[in-house]
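Some notes on the structure that comes next.
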Amino acid sequence: MKSVVLGEKRVVPTKIVCIGRNYVDHIHELGNDIPDDMVVFLKPNSAISTVLLAEHQGETLHYETELCFMFQDGRFSSVALGLDLTKRDLQSKLKAKGLPWERAKAFDGAALFSPFVAIDDVEAPLHFTLSINDNLVQEGHIDLMIYKPQTILSELQAFISLDDGDIVMTGTPKGVGVIPAKSVFNVRLSRGLQAGAEPLLEWQWQVS
């Protein structure tokens with residue numbers, strides 16, 4: 001089983017629960033409609049990786065940067081930044097046929113995570129960015145979410161059991177795109193939008 005880093009230890013999630021279409025600008029970016037209900041899909045533990053790939057089985061991959069929470073002791077106890085990797089062309093074909101997205105979203109290596117850090121208030125003004133080769137491409141903030149973290153947790157628990165260590169990915173803001181070969185991805189998470197805000201975490205991936 002694959003694991004992620006929380007502080008000084010490693011944790012094995014049984015599953016990754018993903019929220020889709022949670023930022024209005026991203027919904028418009030992909031030409032989708034705003035859903036009436038929260039969109040939920042799953043990635044298996046086997047999707048977790050530390051290696052960022054530009055393609056998988058000959059198919060180009062797209063990045064989606066997301067605020068991610070770990071579930072422990074009945075609540076979201078820690079936070080990280082993650083990459084939801086997507087086979088966009090395949091996903092579009094599946095959506096057009098009304099089919100599930102797993103072939104485009106749940107393949108091996110489709111989920112990458114920074115280390116998780118403990119957090120007390122999941123409704124804090126968390127702000128995150130993704131830069132590729134030092135160019136800012138994505139920026140997100142809890143206030144931009146349609147479904148806030150606590151609402152996500154409450155709705156998920158109404159129909160699915162979450163085990164300690166499970167991860168919830170909360171959706172991506174606008175700015176998604178193709179993963180450039182040999183590029184460098186830098187993510188940053190801070191509390192608040194003000195200039196000079198102390199980062200809660202910073203992490204980097206080099207595209208293989």
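FYI, nothing fancy with the structure tokens labels: chains A, B, ... in order, residues from 1 per chain, ligands from 1 as they appear.
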Which residues of range 140-177 of chain A come within 8 Å of range 6-22 of chain A, and for each one, what is the closest pair of atoms and their distance in Å to one decimal, counting only C-alpha atoms, sorted by chain and residue number, as a Markdown table?
| residue | atom | partner | partner_atom | distance |
| --- | --- | --- | --- | --- |
| A:Met145 | CA | A:Asn22 | CA | 5.5 |
| A:Ile146 | CA | A:Asn22 | CA | 5.2 |
| A:Tyr147 | CA | A:Asn22 | CA | 6.3 |
| A:Asp163 | CA | A:Thr14 | CA | 7.0 |
| A:Asp164 | CA | A:Pro13 | CA | 7.4 |
| A:Gly165 | CA | A:Pro13 | CA | 4.7 |
| A:Asp166 | CA | A:Pro13 | CA | 4.4 |
| A:Ile167 | CA | A:Ile16 | CA | 4.8 |
| A:Val168 | CA | A:Val17 | CA | 4.7 |
| A:Met169 | CA | A:Cys18 | CA | 4.7 |
| A:Thr170 | CA | A:Ile19 | CA | 5.0 |
| A:Gly171 | CA | A:Ile19 | CA | 5.2 |
| A:Thr172 | CA | A:Asn22 | CA | 6.9 |
| A:Pro173 | CA | A:Asn22 | CA | 7.8 |
Using the selection just defined, write its residues with N, CA and C atoms as a short mmCIF file (atom, residue, chain, number, x, y, z; two decimals), in the first residue's frame.
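Output file part_36.cif follows:
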data_model
loop_
_atom_site.label_atom_id
_atom_site.label_comp_id
_atom_site.auth_asym_id
_atom_site.auth_seq_id
_atom_site.Cartn_x
_atom_site.Cartn_y
_atom_site.Cartn_z
N MET A 145 -14.24 28.46 -3.24
CA MET A 145 -14.87 27.14 -3.33
C MET A 145 -16.39 27.25 -3.28
N ILE A 146 -17.06 26.43 -4.07
CA ILE A 146 -18.51 26.31 -3.96
C ILE A 146 -18.86 25.58 -2.67
N TYR A 147 -18.16 24.48 -2.42
CA TYR A 147 -18.35 23.70 -1.19
C TYR A 147 -17.10 23.86 -0.33
N ASP A 163 -12.02 6.46 6.74
CA ASP A 163 -11.11 5.85 7.70
C ASP A 163 -9.98 6.81 8.01
N ASP A 164 -9.40 6.68 9.20
CA ASP A 164 -8.26 7.52 9.56
C ASP A 164 -7.17 7.39 8.50
N GLY A 165 -6.67 8.52 8.04
CA GLY A 165 -5.64 8.54 7.01
C GLY A 165 -6.18 8.77 5.61
N ASP A 166 -7.49 8.64 5.43
CA ASP A 166 -8.07 8.91 4.11
C ASP A 166 -7.87 10.37 3.72
N ILE A 167 -7.76 10.62 2.43
CA ILE A 167 -7.49 11.96 1.91
C ILE A 167 -8.68 12.45 1.10
N VAL A 168 -9.02 13.71 1.28
CA VAL A 168 -10.06 14.35 0.47
C VAL A 168 -9.42 15.47 -0.33
N MET A 169 -9.52 15.39 -1.66
CA MET A 169 -9.04 16.44 -2.56
C MET A 169 -10.24 17.31 -2.91
N THR A 170 -10.10 18.63 -2.74
CA THR A 170 -11.27 19.51 -2.72
C THR A 170 -11.55 20.25 -4.03
N GLY A 171 -10.93 19.85 -5.11
CA GLY A 171 -11.18 20.50 -6.39
C GLY A 171 -10.10 21.49 -6.77
N THR A 172 -10.11 21.90 -8.02
CA THR A 172 -9.04 22.75 -8.55
C THR A 172 -9.59 24.07 -9.08
N PRO A 173 -8.82 25.15 -8.91
CA PRO A 173 -9.21 26.43 -9.52
C PRO A 173 -8.84 26.46 -11.00
#
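CA of Met1 in chain A to CA of Asn45 in chain A spans 6.6 Å [interatomic distance, one decimal].
Across the structure, CA of Leu130 in chain A and CA of Pro199 in chain A are spaced 13.3 Å apart.
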Leaving out Gln57 in chain A and any residue of its chain fewer than 5 positions from it, which residues lie within 12 Å of it when counting only C-alpha atoms, given as a PyMOL selection string?
-> chain A and resi 87+103-104+107-109
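Scanning range 99-135 of chain A with DSSP on the backbone, the strand (DSSP E or B) assignments fall on Ala111, Leu112, Phe113, Phe116, Val117, Ala118, Leu126, His127, Phe128, Thr129, Leu130, Ser131, Ile132 and Asn135 of chain A.
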File of the preceding selection, N, CA and C atoms, as a PDB file, in the first residue's frame:
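Writing the result to result_37.pdb gives the following:
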ATOM      1  N   ALA A 111      -2.032  10.658  -8.498  1.00  0.00           N
ATOM      2  CA  ALA A 111      -2.204  11.521  -7.322  1.00  0.00           C
ATOM      3  C   ALA A 111      -0.866  11.741  -6.631  1.00  0.00           C
ATOM      4  N   LEU A 112      -0.464  12.999  -6.539  1.00  0.00           N
ATOM      5  CA  LEU A 112       0.771  13.362  -5.846  1.00  0.00           C
ATOM      6  C   LEU A 112       0.431  14.315  -4.714  1.00  0.00           C
ATOM      7  N   PHE A 113       1.165  14.190  -3.599  1.00  0.00           N
ATOM      8  CA  PHE A 113       0.887  15.025  -2.435  1.00  0.00           C
ATOM      9  C   PHE A 113       2.175  15.561  -1.828  1.00  0.00           C
ATOM     10  N   PHE A 116       1.873  16.437   4.565  1.00  0.00           N
ATOM     11  CA  PHE A 116       0.733  17.011   5.277  1.00  0.00           C
ATOM     12  C   PHE A 116       1.215  17.695   6.549  1.00  0.00           C
ATOM     13  N   VAL A 117       0.557  18.807   6.891  1.00  0.00           N
ATOM     14  CA  VAL A 117       0.860  19.525   8.127  1.00  0.00           C
ATOM     15  C   VAL A 117      -0.424  19.663   8.934  1.00  0.00           C
ATOM     16  N   ALA A 118      -0.287  19.597  10.256  1.00  0.00           N
ATOM     17  CA  ALA A 118      -1.449  19.676  11.136  1.00  0.00           C
ATOM     18  C   ALA A 118      -2.121  21.039  11.022  1.00  0.00           C
ATOM     19  N   LEU A 126      -7.132  29.786   3.793  1.00  0.00           N
ATOM     20  CA  LEU A 126      -6.004  29.123   3.148  1.00  0.00           C
ATOM     21  C   LEU A 126      -5.905  29.548   1.684  1.00  0.00           C
ATOM     22  N   HIS A 127      -4.696  29.834   1.273  1.00  0.00           N
ATOM     23  CA  HIS A 127      -4.417  30.327  -0.081  1.00  0.00           C
ATOM     24  C   HIS A 127      -3.286  29.490  -0.659  1.00  0.00           C
ATOM     25  N   PHE A 128      -3.425  29.048  -1.918  1.00  0.00           N
ATOM     26  CA  PHE A 128      -2.379  28.211  -2.492  1.00  0.00           C
ATOM     27  C   PHE A 128      -2.085  28.613  -3.933  1.00  0.00           C
ATOM     28  N   THR A 129      -0.869  28.308  -4.356  1.00  0.00           N
ATOM     29  CA  THR A 129      -0.438  28.626  -5.717  1.00  0.00           C
ATOM     30  C   THR A 129       0.346  27.462  -6.309  1.00  0.00           C
ATOM     31  N   LEU A 130       0.323  27.405  -7.629  1.00  0.00           N
ATOM     32  CA  LEU A 130       1.206  26.521  -8.388  1.00  0.00           C
ATOM     33  C   LEU A 130       1.961  27.370  -9.391  1.00  0.00           C
ATOM     34  N   SER A 131       3.280  27.230  -9.393  1.00  0.00           N
ATOM     35  CA  SER A 131       4.120  27.862 -10.406  1.00  0.00           C
ATOM     36  C   SER A 131       4.851  26.770 -11.179  1.00  0.00           C
ATOM     37  N   ILE A 132       4.896  26.918 -12.498  1.00  0.00           N
ATOM     38  CA  ILE A 132       5.638  25.990 -13.348  1.00  0.00           C
ATOM     39  C   ILE A 132       6.785  26.760 -13.973  1.00  0.00           C
ATOM     40  N   ASN A 135       6.661  30.398 -13.265  1.00  0.00           N
ATOM     41  CA  ASN A 135       5.526  31.157 -13.797  1.00  0.00           C
ATOM     42  C   ASN A 135       4.251  30.730 -13.073  1.00  0.00           C
TER      43      ASN A 135
END
From A:Leu99, A:Val122, A:Thr50, A:Thr86, residue lying nearest Met70 in chain A [only C-alpha atoms] =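 Checking each of A:Leu99, A:Val122, A:Thr50, A:Thr86 against Met70 in chain A, counting only C-alpha atoms, the winner is A:Val122.
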Shell around Asp25 in chain A at 9 Å using only C-alpha atoms, local window under 4 positions removed, as a list of chain:residue names =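 Counting only the stated atoms, we get A:Glu29, A:Leu30, A:Leu144, A:Pro173, A:Lys174.
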The selected residues should be written to file as a PDB file, in the first residue's frame (atoms: N, CA and C atoms).
ATOM      1  N   GLU A  29     -13.987  27.259 -17.398  1.00  0.00           N
ATOM      2  CA  GLU A  29     -12.772  27.022 -18.173  1.00  0.00           C
ATOM      3  C   GLU A  29     -12.890  25.765 -19.039  1.00  0.00           C
ATOM      4  N   LEU A  30     -13.545  24.734 -18.501  1.00  0.00           N
ATOM      5  CA  LEU A  30     -13.694  23.472 -19.230  1.00  0.00           C
ATOM      6  C   LEU A  30     -15.028  23.364 -19.955  1.00  0.00           C
ATOM      7  N   LEU A 144     -13.106  30.855  -2.710  1.00  0.00           N
ATOM      8  CA  LEU A 144     -13.520  30.621  -4.094  1.00  0.00           C
ATOM      9  C   LEU A 144     -14.247  29.291  -4.273  1.00  0.00           C
ATOM     10  N   PRO A 173      -8.822  25.152  -8.912  1.00  0.00           N
ATOM     11  CA  PRO A 173      -9.210  26.432  -9.523  1.00  0.00           C
ATOM     12  C   PRO A 173      -8.835  26.459 -11.003  1.00  0.00           C
ATOM     13  N   LYS A 174      -9.108  27.577 -11.651  1.00  0.00           N
ATOM     14  CA  LYS A 174      -8.775  27.708 -13.074  1.00  0.00           C
ATOM     15  C   LYS A 174      -7.260  27.678 -13.271  1.00  0.00           C
TER      16      LYS A 174
END
For the atom pair CA of Ser208 in chain A and CA of Arg188 in chain A, what is the interatomic distance in Å to one decimal place?
->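 Separation of CA of Ser208 in chain A and CA of Arg188 in chain A: 20.6 Å.
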Pick from A:Ile142, A:Asp33, A:Leu83, A:Glu202 nearest to Tyr63 in chain A, counting only C-alpha atoms =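 Comparing A:Ile142, A:Asp33, A:Leu83, A:Glu202 against Tyr63 in chain A, the winner is A:Leu83.
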Assign secondary structure with DSSP using the backbone only, and return the residues of range 4-194 of chain A in alpha helix (DSSP H) as a PyMOL selection string.
-> chain A and resi 24-29+88-96+102-105+149-157
Could the residues in this selection be written to a file with C-alpha atoms, as a PDB file, in the first residue's frame?
ATOM      1  CA  VAL A  24     -16.781  28.335 -10.735  1.00  0.00           C
ATOM      2  CA  ASP A  25     -13.968  29.707 -12.923  1.00  0.00           C
ATOM      3  CA  HIS A  26     -12.617  26.197 -13.535  1.00  0.00           C
ATOM      4  CA  ILE A  27     -16.098  24.931 -14.425  1.00  0.00           C
ATOM      5  CA  HIS A  28     -16.370  27.672 -17.055  1.00  0.00           C
ATOM      6  CA  GLU A  29     -12.772  27.022 -18.173  1.00  0.00           C
ATOM      7  CA  ARG A  88      -8.090  15.116 -20.414  1.00  0.00           C
ATOM      8  CA  ASP A  89      -8.824  13.771 -23.889  1.00  0.00           C
ATOM      9  CA  LEU A  90      -9.928  10.436 -22.468  1.00  0.00           C
ATOM     10  CA  GLN A  91     -11.990  12.124 -19.764  1.00  0.00           C
ATOM     11  CA  SER A  92     -13.807  14.186 -22.398  1.00  0.00           C
ATOM     12  CA  LYS A  93     -14.665  11.040 -24.359  1.00  0.00           C
ATOM     13  CA  LEU A  94     -15.918   9.285 -21.221  1.00  0.00           C
ATOM     14  CA  LYS A  95     -18.034  12.274 -20.179  1.00  0.00           C
ATOM     15  CA  ALA A  96     -19.567  12.499 -23.644  1.00  0.00           C
ATOM     16  CA  GLU A 102     -11.701   6.270 -13.476  1.00  0.00           C
ATOM     17  CA  ARG A 103      -9.694   5.432 -16.610  1.00  0.00           C
ATOM     18  CA  ALA A 104      -8.787   9.128 -16.879  1.00  0.00           C
ATOM     19  CA  LYS A 105      -8.361   9.904 -13.170  1.00  0.00           C
ATOM     20  CA  PRO A 149     -14.153  21.951   3.632  1.00  0.00           C
ATOM     21  CA  GLN A 150     -16.569  21.402   6.507  1.00  0.00           C
ATOM     22  CA  THR A 151     -19.520  21.170   4.113  1.00  0.00           C
ATOM     23  CA  ILE A 152     -17.594  18.644   2.029  1.00  0.00           C
ATOM     24  CA  LEU A 153     -16.871  16.526   5.097  1.00  0.00           C
ATOM     25  CA  SER A 154     -20.468  16.606   6.329  1.00  0.00           C
ATOM     26  CA  GLU A 155     -21.867  15.639   2.939  1.00  0.00           C
ATOM     27  CA  LEU A 156     -19.356  12.833   2.410  1.00  0.00           C
ATOM     28  CA  GLN A 157     -20.048  11.338   5.825  1.00  0.00           C
TER      29      GLN A 157
END
Nearest to Ala54 in chain A among A:Lys2, A:His141, A:Lys182, A:Arg191, with distances taken over only C-alpha atoms: which residue is it?
->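 Counting only C-alpha atoms, the residue closest to Ala54 in chain A is A:Lys182.
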Within 8 Å of Gln206 in chain A, counting only C-alpha atoms, which residues qualify if same-chain residues fewer than 5 places away don't, as a short mmCIF file (atom, residue, chain, number, x, y, z; two decimals) with N, CA and C atoms, in the first residue's frame?
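This is the output file part-v7.cif:
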data_model
loop_
_atom_site.label_atom_id
_atom_site.label_comp_id
_atom_site.auth_asym_id
_atom_site.auth_seq_id
_atom_site.Cartn_x
_atom_site.Cartn_y
_atom_site.Cartn_z
N VAL A 51 6.33 10.57 -8.10
CA VAL A 51 6.95 10.88 -9.40
C VAL A 51 5.93 11.57 -10.29
N LEU A 52 6.27 12.76 -10.76
CA LEU A 52 5.39 13.53 -11.63
C LEU A 52 5.72 13.23 -13.09
N LYS A 182 10.00 17.83 -18.44
CA LYS A 182 11.22 18.35 -17.80
C LYS A 182 11.00 19.67 -17.06
N SER A 183 9.77 20.00 -16.74
CA SER A 183 9.50 21.26 -16.04
C SER A 183 9.57 21.07 -14.53
N VAL A 184 9.55 22.19 -13.80
CA VAL A 184 9.61 22.17 -12.34
C VAL A 184 8.32 22.78 -11.79
N PHE A 185 7.63 22.03 -10.95
CA PHE A 185 6.39 22.47 -10.32
C PHE A 185 6.68 22.87 -8.88
#
Closest of A:Glu59, A:Ser3, A:Pro35, A:Ala106 to Ala47 in chain A - atom-to-atom distances counting only C-alpha atoms | A:Ala106
Pick from A:Asp84, A:Glu66, A:Asp120, A:Asp36 nearest to Leu53 in chain A, counting only C-alpha atoms |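 Looking only at the distances to Leu53 in chain A, the closest residue turns out to be A:Asp84.
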